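Trainee: Got a structure for you, written out below as structure tokens; questions coming shortly.
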Amino acid sequence: AEQRAEEVQTVAYQLLSALRYLFAVRCVHRDLKPDNILISKSDGLLIKICDLGLSKILTPGTEGVNSPRVCTLNYRPPENSLSKAENYTHAVDIWGAGCVLYEFVTGSPLFPGRIELAVLQKILQTVPVSAEDHAAMKLPIPLESCNREPFFKIPAMYDYTMTNSKLTERMDQCQNLIEMMLVVNPARRINAKDAMGHKLFRGMKVPEIRNQLRMSARHPP
């Protein structure tokens with residue numbers, strides 16, 4: 001169990017470090033999901049983000065002409081699920097990373113489904129939604145149908161830690177980080193730099209980024 005918890009820490013930290021690098025060069029991946037994250041154990045635990053077919057360089061002035069619904073449905077943030085969701089930022093990748101981290105810990109996707117509106121409804125019934133965020137984002141689901149309570153407890157994260165206080169504390173920290181990554185309003189969602197400074201990663205060293213980024217001179221909208 002302790003080894004598993006350390007793997008969660010390492011994968012999460014490397015993923016956030018890779019995202020921080022992408023964001024520094026203004027790249028947004030737009031399709032973060034487990035299939036696009038490769039994990040190698042041949043030379044220590046090492047992750048690689050792959051498949052940048054939907055990635056884009058977010059240059060100033062182009063934020064309002066992005067393609068909606070580019071993220072895979074079960075890892076798609078609320079702001080990318082709306083009918084005219086062209087105005088979004090790197091925060092879409094933070095949402096995807098939060099979903100990936102949850103799935104890595106529990107083995108199951110947090111927001112399963114095949115119909116966009118049903119998945120969006122599940123999201124809004126799971127994460128806390130304030131009246132202010134509901135109005136600002138013009139969410140298509142009535143406020144009274146959204147979750148107005150604190151973030152639910154993730155029981156599957158605690159199955160193997162109930163008898164070990166240190167592991168339980170580590171999973172508490174992991175859940176706290178996931179909650180900060182899955183904030184419905186992207187303006188209040190944690191960024192990659194601040195996420196790397198989360199107490200879950202206390203004492204960890206920033207991993208070396210091996211840049212294998214290859215992007216065409218023309219990027220999808």
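Residue numbering restarts at 1 in every chain; chains get A, B, ... in the order shown in the structure tokens, and ligands count up from 1 in that same order.
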Find the spatial neighbours of Arg30 of chain A, counting only C-alpha atoms, within a cut-off of 10 Å - ignore same-chain residues fewer than 6 positions away - and output them as a CSV table (one decimal) with C-alpha atoms, in the first residue's frame.
Mentor:
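Done, and the output landed in result16.csv:
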```
chain,number,residue,atom,x,y,z
A,52,LEU,CA,-0.8,16.0,-29.1
A,53,GLY,CA,-3.1,15.7,-32.1
A,54,LEU,CA,-5.7,18.0,-30.5
A,55,SER,CA,-3.1,20.3,-28.9
A,56,LYS,CA,-3.0,24.0,-29.7
A,67,SER,CA,-13.0,24.5,-30.8
A,69,ARG,CA,-15.8,19.6,-27.2
A,70,VAL,CA,-12.3,18.7,-28.1
A,71,CYS,CA,-11.6,16.8,-24.8
A,72,THR,CA,-12.7,13.2,-24.6
A,75,TYR,CA,-12.4,14.0,-19.0
A,76,ARG,CA,-14.0,17.1,-20.5
A,80,ASN,CA,-15.6,22.8,-22.8
A,89,THR,CA,-7.7,28.3,-21.1
A,90,HIS,CA,-5.0,25.8,-20.0
A,91,ALA,CA,-7.4,25.1,-17.1
A,92,VAL,CA,-9.0,22.4,-19.3
A,93,ASP,CA,-5.9,20.3,-18.9
A,94,ILE,CA,-5.9,20.7,-15.1
A,96,GLY,CA,-8.4,16.4,-17.2
```
Trainee: Return the single residue from A:Phe111, A:Tyr88, A:Trp95, A:Phe201 that is closest to Cys174 of chain A, with distances computed using only C-alpha atoms.
Mentor: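 So, comparing all the options, the nearest one is A:Phe201.
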Trainee: Please identify all polymer residues within 8 Å of Leu110 of chain A, counting only C-alpha atoms, omitting same-chain residues fewer than 4 positions from it, and present them as a PyMOL selection string.
Mentor: chain A and resi 74+99+102-103
Trainee: Figure out the distance between atom CA of Lys193 of chain A and atom CA of Leu16 of chain A, please, to one decimal in Å.
Mentor: 7.8 Å
Trainee: Could you check which of A:Ser81, A:Ser145, A:Gln3, A:Asn185 is closest to Pro68 of chain A, using only C-alpha atoms?
Mentor: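 Checking each of A:Ser81, A:Ser145, A:Gln3, A:Asn185 against Pro68 of chain A, counting only C-alpha atoms, the winner is A:Ser81.
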Trainee: Residues near Lys205 of chain A, anyone? I mean within 12 Å using only C-alpha atoms, not counting same-chain ones fewer than 2 positions away, as a PyMOL selection string.
Mentor: chain A and resi 9-10+13-14+17+196-197+201-203+207-208
Trainee: Give me, please, the distance in Å between atom CA of Pro60 of chain A and atom CA of Glu86 of chain A, quoted to one decimal.
Mentor: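 The value is 14.0 Å.
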Trainee: Would you please give, as an MDAnalysis selection string, all residues of segment 6-202 of chain A that DSSP assigns to alpha helix (DSSP H) based on the backbone?
Mentor: chainID A and resid 6:24 91:106 116:124 131:137 165:181 192:196
Trainee: For Lys48 of chain A, which of A:Arg170, A:Ala18, A:Asp31, A:Pro77 is the closest residue, counting only C-alpha atoms?
Mentor: A:Ala18
Trainee: So what do you get for atom CA of Ala131 of chain A versus atom CA of Gln175 of chain A, distance-wise?
Mentor: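 Calculated distance between atom CA of Ala131 of chain A and atom CA of Gln175 of chain A is 23.8 Å.
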Trainee: Quick one: everything within 8 Å of segment 125-130 of chain A, counting only C-alpha atoms, minus sequence neighbours fewer than 6 positions away in the same chain. Send it as a list of chain:residue names.
Mentor: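 What passes the distance filter is A:Leu143, A:Ser145, A:Cys146, A:Asn147, A:Arg148, A:Glu149, A:Pro150, A:Phe151, A:Phe152, A:Leu182, A:Val183, A:Val184.
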